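Structure, as structure tokens:
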Amino acid sequence: MERPAESGTALDSRPAREARVSLLIPTHALPPLSYRIPEHLEEEVRVGALVVAPLSGYSRLGIVVSIGAGERASEDLRSVSVEYALPQETVELCRWASDLAVIPLPNVIRMALPPGINVQQYRVLDPFPEWPWEAGKLVSRTALRRALGKDGLKAAEKEGRVELVVVEPESPMVEWAFVREADEPDLGRAPRQRELFAALRKNPEGLPVRELLSETGASRATLKALVNRGAVALEKLPELPPLSTSHGDTDDGSLQPFIRQAGRIVDVGGAWIWRMPAVDQSYAVAAVARAAIEGDEQVLVLVPEIDNVEDITRQLEGFLPEGCRIAPYHSGMGRDRTSVYEAARSGQADVLVGTRSAALVPMPRLGAICVVDESNESHRAEPGYEGLPIHVREIVRERAWIEGAGALFLSPHPSLRLYAEKPGVRELPPRAAREGPSVSILDIRDSGFSLSPTMLESCRKSVEAGESVGIIVNRLGYATSQTCNSCGNVRSCPDCNLPLAIQKPLLVCGRCGYSEKLSRECGVCGSNRLTTTGLAVERVREEVSRFLELRAGILTATMQDQADAPAVVGTPRYITRLDWDVVAVTDIDSHLQGSSLGSVERAFRLIFDAAGSARSRLLIQTRFPEHYALQAALRGDYTAFANAELPRLHSLGYPPYGHFAALSFKGEEDVVRRAVESGLRPSLDPKVAMSDPVPAASGETSEWRVLLRSAEREDVSRAGGRARSALDAYGLKTRIEIDPEEV
């Protein structure tokens, strides 16, 4: 009997639900697409679900980013996987990050999915006899297209012979030993077997074989003998995630000064700045973690370097209540990272301690996020490295707002981009640093020396007295300026009044693109005693070694040689993380007078950190001893520095009061200029200003850079997206950085 027409008509008039799906194809040209939700998938399809959808006859995996009623879709979703669904809050965060950083949404979503998940695998369901694959076999899309051709793969999908599936990363397998449920064997004449069996009987849930043999000192042959007797069974199981468990046996007296403030962060939520020395930050993290765990909430801790993960984890093990589960997360973990991801997503891990790659890991009970050493630029991924090209401070603030969590930013000197957001970002009472060293400022304006003889002589006396000496040098030679040794004048841009950076054979303004040839005479006093600030590490090492008559050590990201020498030359990042009797800063002027974004702020941080790592004396050679950033850093007065520097940034339209998009691309000069003038410039909104293309600081003649700037970050992001499309039309592949830390 047919259904009455009225019922059918009523049902047909109801609009079908549609899902907007971001297919996991890394391209800017494909926005989320609309698909009908079949009736049999209605209950499973939701925002964040991983679905299979058709595109041009093929199946593609994608994430549902929104659901609504409509009539635009012409095709149905094919299947859905609930196992790898992302929370709706994570999808919202991914969309925000994609829009802000001008990154394809699928690329961002992939960073939020389990590491190593494979979205290009098919399962063979009903193979033809001539196919080289049996039913159930997993085959890559590439292999199928190579064997069947494009049309053959489409036909195989349509006929149900293959299906696109989600393939989880392979988990490392570990061999376990278990006592069999049987009568206890007679081991009277086998003492080694008896000892091993007794150890295993104490662990009814079994033990990993490696751990069992290590604890008992037994051999593999002894274990094999027990297996042959039928007393023990061996089984390979997925390796457990590398979670550590807190033992709570550390005296928490050192946490007391932090506990009350930590409770405010968890209870009130929102974003908070807490200024404190680096040595105190792990205590603050532990206090926040305790407050969150007491409320049955999880904590995400983000640190700048992989080395910091182990340090923070070790302290949390002692300070957190017994039984709390702490998990590490960073790029050096290999396949273990997948199991940690699942532990965090399932709520099994109470605290996740990781680098910037952990910023998007889903956590169902997130109560607080702590960013350790917030001003550290390692919190932002550089091109070619894992992670979003957005500083984690931005991601954490947005995530905390979306998920209703507290966000704590720890640093002795928070970034001005964050500090300027007060009162939206609240500040806790700062904690004082230890008493500083004695300071000697060496004025080298009229000396003509690149290294002050007074500084070298002081280093010699310190070494002879058995003291350790750390010598800080900036390696960024391309960002140096031309300075007159007679009058101290720094050659500056006539339009912006900012120091010009050396990009041989030119001096270039990093703000407006103005350039001129390197000069041989000072434009103020006419002297030919010109020099460049910005010494190289290797050159300083040679001069120091020659003067001290001993081989100085070196500490940089790429070189670590004789690091235990009496005198060591290195970059700020590596020298200031250690304690020295004497610290010498050779080239603060390249920051104080630098033309790049944030150069003065980096000068303040460098001196502040150098003072913190010097036990006895701090030596600074400079041509600008009265500079406000230098003087404020020596006093440890962050507020005075911020009050002086923020108005300057405001007048220049620099972040956080203005916003930039740095476009980098490669091409011949005539093609680049034609693309910029004919394609890029006409595509821009009048509110967005653009610099002329200049050679990139890398020194490659075919690499160029253009800066877009506007008062609103959203305008800059939109302009960056239009710029990419305009330049792509001329065959120029563009890399975009929104509000880079340095230009």
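We name chains A, B, ... following the order of the structure tokens; residues begin at 1 in each chain, and ligands are numbered from 1 as shown.
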
message = Which residues are close to stretch 453-466 of chain A, i.e. within 7 Å by only C-alpha atoms, leaving aside same-chain residues fewer than 4 positions away? Reply as a PyMOL selection string.
response = chain A and resi 548+566+619

message = Among stretch 265-482 of chain A, which residues does DSSP mark as alpha helix (DSSP H) when it is run on the backbone? Keep the chain and numbering as in the structure and answer as a ChimeraX atom specification.
response = /A:265-268,278-294,306-319,336-345,392-403,416-419,453-464

key: For A:Val309: contacts at 8 Å, only C-alpha atoms, fewer than 5 positions along chain excluded, given as a PyMOL selection string   = chain A and resi 303+328-329+353-355

request  = Find the residues near stretch 116-131 of chain A: any atom within 6 Å, counting only C-alpha atoms, skip ones fewer than 2 places away on the same chain, and give them as a PyMOL selection string.
outcome  = chain A and resi 114+133+135-141+161-169

Please save all heavy atoms of the selected residues as a compact mmCIF listing (two decimals), in the first residue's frame.
```
# COMPACT_ATOMS: atom_id res chain seq x y z
N PRO A 114 44.93 13.78 14.83
CA PRO A 114 46.02 12.98 15.37
C PRO A 114 47.24 12.99 14.46
O PRO A 114 47.10 12.89 13.24
CB PRO A 114 45.41 11.57 15.46
CG PRO A 114 43.94 11.79 15.54
CD PRO A 114 43.67 13.01 14.73
N TRP A 133 45.45 -7.02 -5.53
CA TRP A 133 45.14 -6.85 -4.10
C TRP A 133 43.97 -7.75 -3.70
O TRP A 133 43.01 -7.92 -4.45
CB TRP A 133 44.77 -5.40 -3.79
CG TRP A 133 45.71 -4.41 -4.39
CD1 TRP A 133 47.00 -4.17 -4.02
CD2 TRP A 133 45.43 -3.54 -5.49
NE1 TRP A 133 47.54 -3.19 -4.82
CE2 TRP A 133 46.60 -2.76 -5.73
CE3 TRP A 133 44.31 -3.30 -6.30
CZ2 TRP A 133 46.69 -1.81 -6.73
CZ3 TRP A 133 44.39 -2.35 -7.29
CH2 TRP A 133 45.56 -1.62 -7.51
N ALA A 135 40.81 -8.74 -0.96
CA ALA A 135 39.81 -8.02 -0.18
C ALA A 135 40.36 -7.71 1.21
O ALA A 135 40.99 -8.55 1.85
CB ALA A 135 38.52 -8.83 -0.09
N GLY A 136 40.10 -6.49 1.66
CA GLY A 136 40.58 -6.06 2.96
C GLY A 136 41.92 -5.36 2.93
O GLY A 136 42.34 -4.76 3.93
N LYS A 137 42.61 -5.42 1.81
CA LYS A 137 43.92 -4.80 1.69
C LYS A 137 43.79 -3.28 1.63
O LYS A 137 42.87 -2.73 1.02
CB LYS A 137 44.61 -5.29 0.40
CG LYS A 137 45.98 -4.72 0.16
CD LYS A 137 47.02 -5.32 1.09
CE LYS A 137 48.42 -4.86 0.73
NZ LYS A 137 49.43 -5.39 1.66
N LEU A 138 44.73 -2.56 2.31
CA LEU A 138 44.77 -1.10 2.23
C LEU A 138 45.75 -0.69 1.14
O LEU A 138 46.89 -1.17 1.09
CB LEU A 138 45.22 -0.51 3.58
CG LEU A 138 44.25 -0.68 4.75
CD1 LEU A 138 44.88 -0.15 6.03
CD2 LEU A 138 42.94 0.04 4.47
N VAL A 139 45.29 0.22 0.27
CA VAL A 139 46.09 0.65 -0.87
C VAL A 139 46.01 2.17 -0.96
O VAL A 139 44.95 2.76 -0.74
CB VAL A 139 45.58 0.02 -2.19
CG1 VAL A 139 46.50 0.36 -3.35
CG2 VAL A 139 45.43 -1.49 -2.05
N SER A 140 47.11 2.81 -1.29
CA SER A 140 47.13 4.27 -1.39
C SER A 140 46.42 4.74 -2.64
O SER A 140 46.30 4.01 -3.63
CB SER A 140 48.57 4.79 -1.40
OG SER A 140 49.21 4.45 -2.62
N ARG A 141 45.95 5.99 -2.60
CA ARG A 141 45.29 6.58 -3.76
C ARG A 141 46.24 6.59 -4.96
O ARG A 141 45.85 6.30 -6.09
CB ARG A 141 44.85 8.01 -3.44
CG ARG A 141 44.11 8.70 -4.59
CD ARG A 141 43.95 10.19 -4.33
NE ARG A 141 43.21 10.44 -3.11
CZ ARG A 141 41.88 10.51 -3.05
NH1 ARG A 141 41.16 10.32 -4.14
NH2 ARG A 141 41.28 10.77 -1.92
N ARG A 161 33.80 -1.29 -5.15
CA ARG A 161 34.92 -2.22 -5.07
C ARG A 161 36.03 -1.72 -4.14
O ARG A 161 36.81 -2.50 -3.61
CB ARG A 161 35.48 -2.51 -6.46
CG ARG A 161 34.45 -3.17 -7.37
CD ARG A 161 35.05 -3.64 -8.67
NE ARG A 161 34.03 -4.28 -9.49
CZ ARG A 161 33.64 -5.55 -9.36
NH1 ARG A 161 34.20 -6.32 -8.44
NH2 ARG A 161 32.71 -6.06 -10.14
N VAL A 162 36.09 -0.40 -3.96
CA VAL A 162 37.05 0.19 -3.01
C VAL A 162 36.32 1.31 -2.26
O VAL A 162 35.34 1.87 -2.75
CB VAL A 162 38.30 0.77 -3.72
CG1 VAL A 162 39.11 -0.32 -4.40
CG2 VAL A 162 37.92 1.87 -4.70
N GLU A 163 36.81 1.60 -1.06
CA GLU A 163 36.24 2.71 -0.30
C GLU A 163 37.36 3.48 0.40
O GLU A 163 38.33 2.89 0.87
CB GLU A 163 35.22 2.22 0.73
CG GLU A 163 35.82 1.40 1.85
CD GLU A 163 34.83 1.10 2.96
OE1 GLU A 163 33.73 1.70 2.95
OE2 GLU A 163 35.15 0.26 3.84
N LEU A 164 37.21 4.80 0.44
CA LEU A 164 38.17 5.64 1.14
C LEU A 164 37.95 5.50 2.64
O LEU A 164 36.81 5.57 3.12
CB LEU A 164 37.99 7.11 0.73
CG LEU A 164 39.00 8.11 1.27
CD1 LEU A 164 40.40 7.83 0.74
CD2 LEU A 164 38.58 9.53 0.90
N VAL A 165 39.03 5.28 3.38
CA VAL A 165 38.91 5.06 4.82
C VAL A 165 39.94 5.92 5.56
O VAL A 165 40.91 6.39 4.98
CB VAL A 165 39.13 3.57 5.19
CG1 VAL A 165 38.02 2.71 4.64
CG2 VAL A 165 40.49 3.09 4.71
N VAL A 166 39.68 6.11 6.84
CA VAL A 166 40.63 6.79 7.71
C VAL A 166 41.55 5.73 8.29
O VAL A 166 41.08 4.76 8.89
CB VAL A 166 39.92 7.54 8.84
CG1 VAL A 166 40.94 8.25 9.73
CG2 VAL A 166 38.92 8.54 8.27
N VAL A 167 42.84 5.91 8.11
CA VAL A 167 43.82 4.94 8.62
C VAL A 167 44.58 5.59 9.76
O VAL A 167 45.27 6.59 9.57
CB VAL A 167 44.80 4.50 7.52
CG1 VAL A 167 45.81 3.51 8.09
CG2 VAL A 167 44.03 3.88 6.36
N GLU A 168 44.40 5.03 10.94
CA GLU A 168 45.08 5.58 12.10
C GLU A 168 46.57 5.25 12.05
O GLU A 168 46.98 4.25 11.44
CB GLU A 168 44.48 5.04 13.39
CG GLU A 168 44.59 3.54 13.55
CD GLU A 168 43.96 3.08 14.85
OE1 GLU A 168 44.36 3.57 15.90
OE2 GLU A 168 43.05 2.23 14.78
N PRO A 169 47.40 6.10 12.65
CA PRO A 169 48.83 5.82 12.66
C PRO A 169 49.13 4.51 13.37
O PRO A 169 48.43 4.12 14.31
CB PRO A 169 49.42 7.01 13.45
CG PRO A 169 48.35 8.05 13.43
CD PRO A 169 47.05 7.34 13.34
```

note = Across A:Gly318, A:Gly270, A:Pro364, A:Pro204, the smallest distance to A:Pro423, with only C-alpha atoms counted, is shown by A:Gly270

Please tabulate, as JSON lines, the residues of stretch 603-708 of chain A that come within 8 Å of stretch 571-593 of chain A, each with its closest pair of atoms and the distance in Å to one decimal, counting only C-alpha atoms and ordering rows by chain, then residue number upward.
```
{"residue": "A:Ala603", "atom": "CA", "partner": "A:His591", "partner_atom": "CA", "distance": 5.2}
{"residue": "A:Leu606", "atom": "CA", "partner": "A:Pro572", "partner_atom": "CA", "distance": 6.7}
{"residue": "A:Ile607", "atom": "CA", "partner": "A:Val585", "partner_atom": "CA", "distance": 7.9}
{"residue": "A:Asp609", "atom": "CA", "partner": "A:Thr576", "partner_atom": "CA", "distance": 6.0}
{"residue": "A:Ala610", "atom": "CA", "partner": "A:Thr576", "partner_atom": "CA", "distance": 5.6}
{"residue": "A:Ala611", "atom": "CA", "partner": "A:Val583", "partner_atom": "CA", "distance": 7.8}
{"residue": "A:Gly612", "atom": "CA", "partner": "A:Thr576", "partner_atom": "CA", "distance": 7.7}
{"residue": "A:Ser613", "atom": "CA", "partner": "A:Asp579", "partner_atom": "CA", "distance": 4.7}
{"residue": "A:Ala614", "atom": "CA", "partner": "A:Trp580", "partner_atom": "CA", "distance": 5.1}
{"residue": "A:Arg615", "atom": "CA", "partner": "A:Asp581", "partner_atom": "CA", "distance": 4.8}
{"residue": "A:Ser616", "atom": "CA", "partner": "A:Asp581", "partner_atom": "CA", "distance": 5.1}
{"residue": "A:Arg617", "atom": "CA", "partner": "A:Val582", "partner_atom": "CA", "distance": 4.9}
{"residue": "A:Leu618", "atom": "CA", "partner": "A:Val583", "partner_atom": "CA", "distance": 5.0}
{"residue": "A:Leu619", "atom": "CA", "partner": "A:Ala584", "partner_atom": "CA", "distance": 4.5}
{"residue": "A:Ile620", "atom": "CA", "partner": "A:Val585", "partner_atom": "CA", "distance": 4.8}
{"residue": "A:Gln621", "atom": "CA", "partner": "A:Thr586", "partner_atom": "CA", "distance": 5.6}
{"residue": "A:Thr622", "atom": "CA", "partner": "A:Asp589", "partner_atom": "CA", "distance": 6.0}
{"residue": "A:Arg623", "atom": "CA", "partner": "A:Asp589", "partner_atom": "CA", "distance": 6.9}
{"residue": "A:Phe624", "atom": "CA", "partner": "A:Asp589", "partner_atom": "CA", "distance": 7.2}
{"residue": "A:His627", "atom": "CA", "partner": "A:Leu592", "partner_atom": "CA", "distance": 7.7}
{"residue": "A:Ala629", "atom": "CA", "partner": "A:Leu592", "partner_atom": "CA", "distance": 7.6}
```

ask   = Any idea what's packed within 10 Å of stretch 47-60 of chain A, counting only C-alpha atoms, ignoring anything in its chain fewer than 4 positions away? Could you give it as a PyMOL selection string?
value = chain A and resi 19-25+33-36+64-67+75-92+109+113+119-120+122+150-151+153-158+163-166

query = With distances taken over only C-alpha atoms, which of A:Leu506, A:Leu213, A:Leu61, A:Ala381 is nearest to A:Glu737?
reply =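 Among the listed residues, the smallest separation from A:Glu737 belongs to A:Ala381.
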
key: Which of stretch 539-718 of chain A fall in strand (DSSP E), as a ChimeraX atom specification   = /A:553-555,560-561,567-570,580-585,614-622,659-666,689-690,694-695,703-710
